[in-house]
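Enquirer: Here it is: the structure, laid out below.
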Amino acid sequence: MCALVAAALSAAYVALYLRGGPRIIDATSYFLEARALAEGHLAFRLDEPVASTLGRFLVRTDGADGSHAAVIFPPGYPALLALGFVLGHPLVIGPLLAAGITCTTWALARAVSPGETSSTPSIPRLAALFSVACAALRYHTADTMSHGLSALCFSGALVFALSAARAIHDHRSATWPSIAAGLFAGWLAATRPVSALALGITLAAVLASACRAHPRATLRLFASALLGSLPGLALLVAHQHAATGAFFASSQTAYYAVSDGPPDCFRYGFGAGIGCIGEHGEFVQRNLTHGYGAFAAAATTLRRLKQHLVDAGNSEPFTLVVLAGAVIAFRDPRLRFLPIGVLAQIAVYVPFYFDGNYPGGGARFYADVLPLEHVLAAIAVARFPPLSTVWRGGRGVRPSPPLHLWRGGRGVRPSAVLALVPLGFAFRAGFDHAALRDRDGGRPMFEPSRLPNVEAPALLFVDTDHGFNLAFDPDKHGQASTSNSLTSNPWHVARLRGDALDLMTWQKHGKPAAYRYLFPLGVDHPDVRVVPYDIASSTTLGIEAENLWPPIAQDQGYALASWPNAPCASARRWLVVTPVSSDKPASITLALPAPFLAGRRIAARIGFEAAASASVSWVVDGQTVHSTRVSAADQSEREHSSSARCVTLPAFEVPEVARTLSIIVLRDAGLPADALVALDRIDIEEPKRR
């Protein structure tokens, strides 16, 4: 019954708080990745113009069979979510996870409380009720985030590991529970690899005594568990290979290497240069001004812990119950693995710089061990002694009866602690979830029900990363869904760029009827509209440099879009080349749509501030065919009220046989600190009449 209630509450969360679909950018990226996996793609093909598809959290690889893109997140959760796409209802997976977590929480509590009697508060029942009423779990099993599956895998692996340990103790075969524990552990590694490290530490604590008493049987247990872990590990390796071209490379590292900076900013560890300016700029500027050292790591961990105080029981006071259970469990060798698991989860995320907190999601990196915390809370409630044994004559008496000897009495009633959880949501956590509900316009950034009824083919340009992820269908090379289930879609979908990229996309699809999906950002109640798009008269014959982000290569620097106070900047934005060190040249390489530019003349427009200089090179089919040096002192457009200058370089004629085309912008070494080099746009001339 508890499992059904948990599933129903998570389904209600989808409707009432998410308002029908994934909300945050990570969730929409998982959604896109799951759709691709449901169609058989670890990475999907990119058609020109690539910039109309490529964007945030998509990593590009180029090979003999063309360009491909993959979502950067590990594939464990998307593989499960893909089953929902196969069924035609992807959002049903979350409520099913909610039911599963409730069951594994009950089973874990049952495994650590074998001596219950009728007079003992039921630890499994209490733990399951805490799980059902936990608002953080309701969110993580409603939105398309990976932490719900991680919590299921973490707790499920422990349940089967305990079963295997008991089998070894009783001289029974532990093969099948060992394989099951390995399956959960391997899938956790494919879902959140760092959390799998914490699970490994916890499993070691569970099996330590069995290993000492029965070393050979424990060795067979580990072999069976390794066998069970192979599907998850194989999926992870296959995804990394599809995303990066290498079996043991990180898709996230590969993505941030070309999309953000400084170099190696996204890594697991400590030191200078950690913290990506583009993705986490405000956080890095506020918290990592001196790198990620001991102080910054402690501060990040404390921020997570502060946010996590609300997660287990919807309010801070409930954390005291969890802590009491942790103290009790740590003193009992049979239960010690529970607090060890929670502490291990906290410890393994210390080397990661970003706290990951947000309203509703809580301290999401710790959500994976919420089932353990609910079991600890249930243990604490069951161990609360009668008040008459705690206070005698005003003197405190230390209670420590064994767990299986609790006999009730006039103590703290379980119902009183249970009441804390819904009250906590009403007076504390509910406000965080309301903030989540109302953020980013208060609704999904793509809703297929808003699409007009038009005759196919039609082309839809989406103006947000979130909306694109929800609408794009890789298997149909950009077709989107008109069904309310968000699963399939006869529309072609592209990113709205507002320049010649839109025109190229429109021409590629045969000049169909075109529409824009407009979702205004920064307003509480956005006026979402789907309007006709007259591309032929609305776009200019040029490509804005910021629309070519992310680069295909960066060296000694990185490229990020900037909104300068420069009247000469086209569309009031440009792509700035930021060096790691001023005494070394920094370069970026941007890919251009060669099939559409072959035979045309194109000219790069460079933006400068102060005494800056650079060189620009055109690369055709892997060979540099033309280079130009340029500086702020050259003939340029300049406003008297601004130090910014814009220089349009001589046009370069792209060979008609060009298969690939890219531009390299290299900022010179030794420039003043206030110097700035940026690529503003690529102007395209009409083809010559022959």
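Residue numbering restarts at 1 for every chain of the structure tokens, chains are lettered A, B, ... in their displayed order, and ligands are numbered from 1 as they appear.
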Which residues in range 414-638 of chain A does DSSP call alpha helix (DSSP H)? List them as number ranges by chain.

Expert: A: 414-424, 430-438, 465-471, 500-508, 535-538, 594-597

Enquirer: Keeping only N, CA and C atoms, write the selected residues as a CSV table (one decimal), in the first residue's frame.

Expert:
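Saved file selection-v4.csv follows:
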```csv
chain,number,residue,atom,x,y,z
A,414,PRO,N,5.5,6.9,17.9
A,414,PRO,CA,5.9,7.0,16.5
A,414,PRO,C,5.0,8.0,15.8
A,415,SER,N,3.7,8.0,16.1
A,415,SER,CA,2.8,8.9,15.4
A,415,SER,C,3.2,10.3,15.5
A,416,ALA,N,3.8,10.7,16.7
A,416,ALA,CA,4.2,12.1,16.9
A,416,ALA,C,5.4,12.4,15.9
A,417,VAL,N,6.3,11.5,15.7
A,417,VAL,CA,7.4,11.8,14.8
A,417,VAL,C,6.9,11.8,13.4
A,418,LEU,N,6.0,10.8,13.1
A,418,LEU,CA,5.4,10.8,11.7
A,418,LEU,C,4.7,12.1,11.4
A,419,ALA,N,4.1,12.7,12.4
A,419,ALA,CA,3.4,13.9,12.1
A,419,ALA,C,4.3,15.1,11.8
A,420,LEU,N,5.6,15.0,12.2
A,420,LEU,CA,6.5,16.0,11.8
A,420,LEU,C,6.7,16.2,10.3
A,421,VAL,N,6.6,15.0,9.6
A,421,VAL,CA,6.9,15.0,8.2
A,421,VAL,C,5.9,15.8,7.4
A,422,PRO,N,4.6,15.6,7.4
A,422,PRO,CA,3.7,16.4,6.7
A,422,PRO,C,3.6,17.8,7.2
A,423,LEU,N,3.8,18.0,8.5
A,423,LEU,CA,3.8,19.4,9.0
A,423,LEU,C,5.0,20.1,8.5
A,424,GLY,N,6.1,19.4,8.4
A,424,GLY,CA,7.3,20.0,7.8
A,424,GLY,C,7.1,20.5,6.4
A,430,GLY,N,7.4,22.9,1.8
A,430,GLY,CA,6.5,23.3,0.8
A,430,GLY,C,6.8,24.6,0.0
A,431,PHE,N,7.4,25.5,0.7
A,431,PHE,CA,7.8,26.8,0.1
A,431,PHE,C,8.9,26.6,-1.0
A,432,ASP,N,9.8,25.7,-0.7
A,432,ASP,CA,10.9,25.3,-1.7
A,432,ASP,C,10.2,24.7,-2.9
A,433,HIS,N,9.3,23.8,-2.7
A,433,HIS,CA,8.7,23.2,-3.9
A,433,HIS,C,7.8,24.1,-4.6
A,434,ALA,N,7.2,25.1,-3.9
A,434,ALA,CA,6.4,26.1,-4.7
A,434,ALA,C,7.4,27.0,-5.5
A,435,ALA,N,8.6,27.3,-5.0
A,435,ALA,CA,9.6,28.0,-5.7
A,435,ALA,C,10.0,27.2,-7.0
A,436,LEU,N,10.2,25.9,-6.8
A,436,LEU,CA,10.5,25.1,-8.0
A,436,LEU,C,9.3,25.1,-9.0
A,437,ARG,N,8.1,25.1,-8.5
A,437,ARG,CA,6.9,25.1,-9.4
A,437,ARG,C,6.9,26.4,-10.2
A,438,ASP,N,7.2,27.5,-9.6
A,438,ASP,CA,7.0,28.8,-10.2
A,438,ASP,C,8.3,29.3,-11.0
A,465,ASP,N,17.0,26.2,-24.7
A,465,ASP,CA,17.7,24.9,-24.6
A,465,ASP,C,16.7,23.9,-24.0
A,466,HIS,N,16.0,24.2,-23.0
A,466,HIS,CA,15.0,23.3,-22.4
A,466,HIS,C,14.0,22.8,-23.4
A,467,GLY,N,13.4,23.8,-24.1
A,467,GLY,CA,12.3,23.5,-25.0
A,467,GLY,C,12.9,22.6,-26.2
A,468,PHE,N,14.1,22.9,-26.7
A,468,PHE,CA,14.6,22.1,-27.7
A,468,PHE,C,14.8,20.7,-27.3
A,469,ASN,N,15.3,20.5,-26.1
A,469,ASN,CA,15.5,19.1,-25.6
A,469,ASN,C,14.2,18.3,-25.5
A,470,LEU,N,13.1,19.0,-25.1
A,470,LEU,CA,11.8,18.3,-25.0
A,470,LEU,C,11.2,18.0,-26.4
A,471,ALA,N,11.5,18.9,-27.4
A,471,ALA,CA,10.8,18.8,-28.7
A,471,ALA,C,11.6,17.9,-29.7
A,500,ALA,N,21.4,33.5,-40.6
A,500,ALA,CA,21.4,32.7,-41.8
A,500,ALA,C,21.3,31.2,-41.5
A,501,LEU,N,21.6,30.8,-40.2
A,501,LEU,CA,21.5,29.4,-39.9
A,501,LEU,C,20.0,28.9,-40.0
A,502,ASP,N,19.1,29.8,-39.6
A,502,ASP,CA,17.7,29.5,-39.8
A,502,ASP,C,17.3,29.3,-41.3
A,503,LEU,N,17.9,30.2,-42.1
A,503,LEU,CA,17.6,30.2,-43.5
A,503,LEU,C,18.1,28.9,-44.1
A,504,MET,N,19.3,28.5,-43.7
A,504,MET,CA,19.9,27.2,-44.2
A,504,MET,C,19.1,26.0,-43.8
A,505,THR,N,18.6,26.0,-42.5
A,505,THR,CA,17.8,24.9,-42.1
A,505,THR,C,16.5,24.8,-42.8
A,506,TRP,N,15.9,26.0,-43.1
A,506,TRP,CA,14.7,26.0,-43.8
A,506,TRP,C,14.8,25.5,-45.2
A,507,GLN,N,15.9,25.9,-45.9
A,507,GLN,CA,16.2,25.5,-47.2
A,507,GLN,C,16.5,24.0,-47.3
A,508,LYS,N,17.2,23.5,-46.3
A,508,LYS,CA,17.5,22.1,-46.2
A,508,LYS,C,16.3,21.2,-46.2
A,535,ILE,N,11.0,33.4,-42.7
A,535,ILE,CA,12.4,33.3,-42.7
A,535,ILE,C,13.1,34.1,-43.8
A,536,ALA,N,12.5,34.0,-44.9
A,536,ALA,CA,13.2,34.7,-46.1
A,536,ALA,C,13.3,36.1,-45.9
A,537,SER,N,12.4,36.8,-45.2
A,537,SER,CA,12.5,38.2,-45.0
A,537,SER,C,13.0,38.6,-43.6
A,538,SER,N,13.0,37.7,-42.7
A,538,SER,CA,13.4,38.0,-41.3
A,538,SER,C,14.8,37.8,-41.0
A,594,ALA,N,29.8,24.0,-44.2
A,594,ALA,CA,30.5,24.0,-45.5
A,594,ALA,C,29.5,23.8,-46.7
A,595,PRO,N,28.5,22.8,-46.6
A,595,PRO,CA,27.7,22.6,-47.8
A,595,PRO,C,26.9,23.9,-48.2
A,596,PHE,N,26.6,24.8,-47.3
A,596,PHE,CA,25.9,26.0,-47.6
A,596,PHE,C,26.8,27.1,-48.0
A,597,LEU,N,28.0,27.1,-47.6
A,597,LEU,CA,28.9,28.2,-47.9
A,597,LEU,C,29.9,27.9,-49.0
```

Enquirer: As an mmCIF file with C-alpha atoms, in the first residue's frame, please: the residues near Ala553 in chain A (cut-off 10 Å, only C-alpha atoms, same-chain neighbours under 6 positions excluded).

Expert:
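Heads up, here's the output in out-v2.cif:
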```cif
data_model
loop_
_atom_site.group_PDB
_atom_site.id
_atom_site.type_symbol
_atom_site.label_atom_id
_atom_site.label_comp_id
_atom_site.auth_asym_id
_atom_site.auth_seq_id
_atom_site.Cartn_x
_atom_site.Cartn_y
_atom_site.Cartn_z
ATOM 1 C CA ALA A 257 36.990 20.984 -22.644
ATOM 2 C CA VAL A 258 35.514 22.715 -25.708
ATOM 3 C CA SER A 259 32.524 24.574 -24.274
ATOM 4 C CA ALA A 559 35.240 31.107 -25.814
ATOM 5 C CA SER A 587 42.861 30.168 -29.906
ATOM 6 C CA ILE A 588 39.412 28.785 -30.630
ATOM 7 C CA THR A 589 38.240 26.773 -33.642
ATOM 8 C CA LEU A 590 34.634 27.078 -34.810
ATOM 9 C CA ALA A 591 32.932 24.833 -37.358
ATOM 10 C CA ILE A 664 40.476 29.741 -36.115
#
```

Enquirer: Each residue of range 341-381 of chain A lying at most 12 Å from range 276-281 of chain A should get a row with its shortest atom-to-atom pair and the distance in Å to one decimal, counting only C-alpha atoms; could you produce that, ordered by chain and increasing number, as a Markdown table?

Expert:
```
| residue | atom | partner | partner_atom | distance |
| --- | --- | --- | --- | --- |
| A:Phe352 | CA | A:Cys276 | CA | 11.8 |
| A:Tyr353 | CA | A:Cys276 | CA | 9.7 |
| A:Phe354 | CA | A:His280 | CA | 7.8 |
| A:Asp355 | CA | A:His280 | CA | 10.4 |
| A:Gly356 | CA | A:His280 | CA | 10.2 |
```

Enquirer: Run DSSP on the backbone and give me the residues of range 248-445 of chain A it puts in strand (DSSP E), as a ChimeraX atom specification.

Expert: /A:357-358,362-363,391-392,395-396

Enquirer: Contacts of Gly271 in chain A at 12 Å or less, counting only C-alpha atoms, minus same-chain residues fewer than 6 places along, as a list of chain:residue names?

Expert: A:Asp264, A:Cys265, A:Leu288, A:Thr289, A:His290, A:Gly291, A:Tyr292, A:Gly293, A:Ala294, A:Phe295, A:Ala296, A:Ala297, A:Pro351, A:Phe352, A:Tyr353

Enquirer: Store the residues of this selection in a file with N, CA and C atoms, as an mmCIF file, in the first residue's frame.

Expert:
```
data_model
loop_
_atom_site.group_PDB
_atom_site.id
_atom_site.type_symbol
_atom_site.label_atom_id
_atom_site.label_comp_id
_atom_site.auth_asym_id
_atom_site.auth_seq_id
_atom_site.Cartn_x
_atom_site.Cartn_y
_atom_site.Cartn_z
ATOM 1 N N ASP A 264 40.317 22.418 -18.221
ATOM 2 C CA ASP A 264 40.243 21.434 -17.139
ATOM 3 C C ASP A 264 39.468 21.974 -15.940
ATOM 4 N N CYS A 265 38.500 22.849 -16.216
ATOM 5 C CA CYS A 265 37.737 23.455 -15.122
ATOM 6 C C CYS A 265 36.776 22.470 -14.478
ATOM 7 N N LEU A 288 34.825 30.529 -5.425
ATOM 8 C CA LEU A 288 36.075 29.868 -5.807
ATOM 9 C C LEU A 288 37.106 30.859 -6.324
ATOM 10 N N THR A 289 37.154 32.038 -5.750
ATOM 11 C CA THR A 289 38.097 33.055 -6.219
ATOM 12 C C THR A 289 39.548 32.624 -6.021
ATOM 13 N N HIS A 290 39.805 31.744 -5.061
ATOM 14 C CA HIS A 290 41.170 31.276 -4.801
ATOM 15 C C HIS A 290 41.315 29.792 -5.128
ATOM 16 N N GLY A 291 40.499 29.297 -6.035
ATOM 17 C CA GLY A 291 40.565 27.891 -6.393
ATOM 18 C C GLY A 291 39.742 27.029 -5.451
ATOM 19 N N TYR A 292 39.803 25.733 -5.696
ATOM 20 C CA TYR A 292 39.025 24.800 -4.882
ATOM 21 C C TYR A 292 39.971 24.059 -3.947
ATOM 22 N N GLY A 293 40.177 24.662 -2.790
ATOM 23 C CA GLY A 293 41.030 24.068 -1.780
ATOM 24 C C GLY A 293 40.225 23.587 -0.593
ATOM 25 N N ALA A 294 40.902 23.428 0.538
ATOM 26 C CA ALA A 294 40.250 22.876 1.727
ATOM 27 C C ALA A 294 39.109 23.770 2.206
ATOM 28 N N PHE A 295 39.346 25.082 2.221
ATOM 29 C CA PHE A 295 38.298 25.991 2.711
ATOM 30 C C PHE A 295 37.085 25.972 1.792
ATOM 31 N N ALA A 296 37.323 26.055 0.482
ATOM 32 C CA ALA A 296 36.206 26.055 -0.469
ATOM 33 C C ALA A 296 35.452 24.733 -0.418
ATOM 34 N N ALA A 297 36.183 23.614 -0.275
ATOM 35 C CA ALA A 297 35.520 22.311 -0.198
ATOM 36 C C ALA A 297 34.669 22.206 1.058
ATOM 37 N N PRO A 351 35.223 16.278 -3.293
ATOM 38 C CA PRO A 351 36.117 16.775 -4.359
ATOM 39 C C PRO A 351 35.410 17.410 -5.544
ATOM 40 N N PHE A 352 34.082 17.486 -5.550
ATOM 41 C CA PHE A 352 33.383 18.142 -6.657
ATOM 42 C C PHE A 352 32.970 19.534 -6.218
ATOM 43 N N TYR A 353 33.305 20.540 -7.028
ATOM 44 C CA TYR A 353 33.251 21.926 -6.576
ATOM 45 C C TYR A 353 31.852 22.522 -6.503
#
```
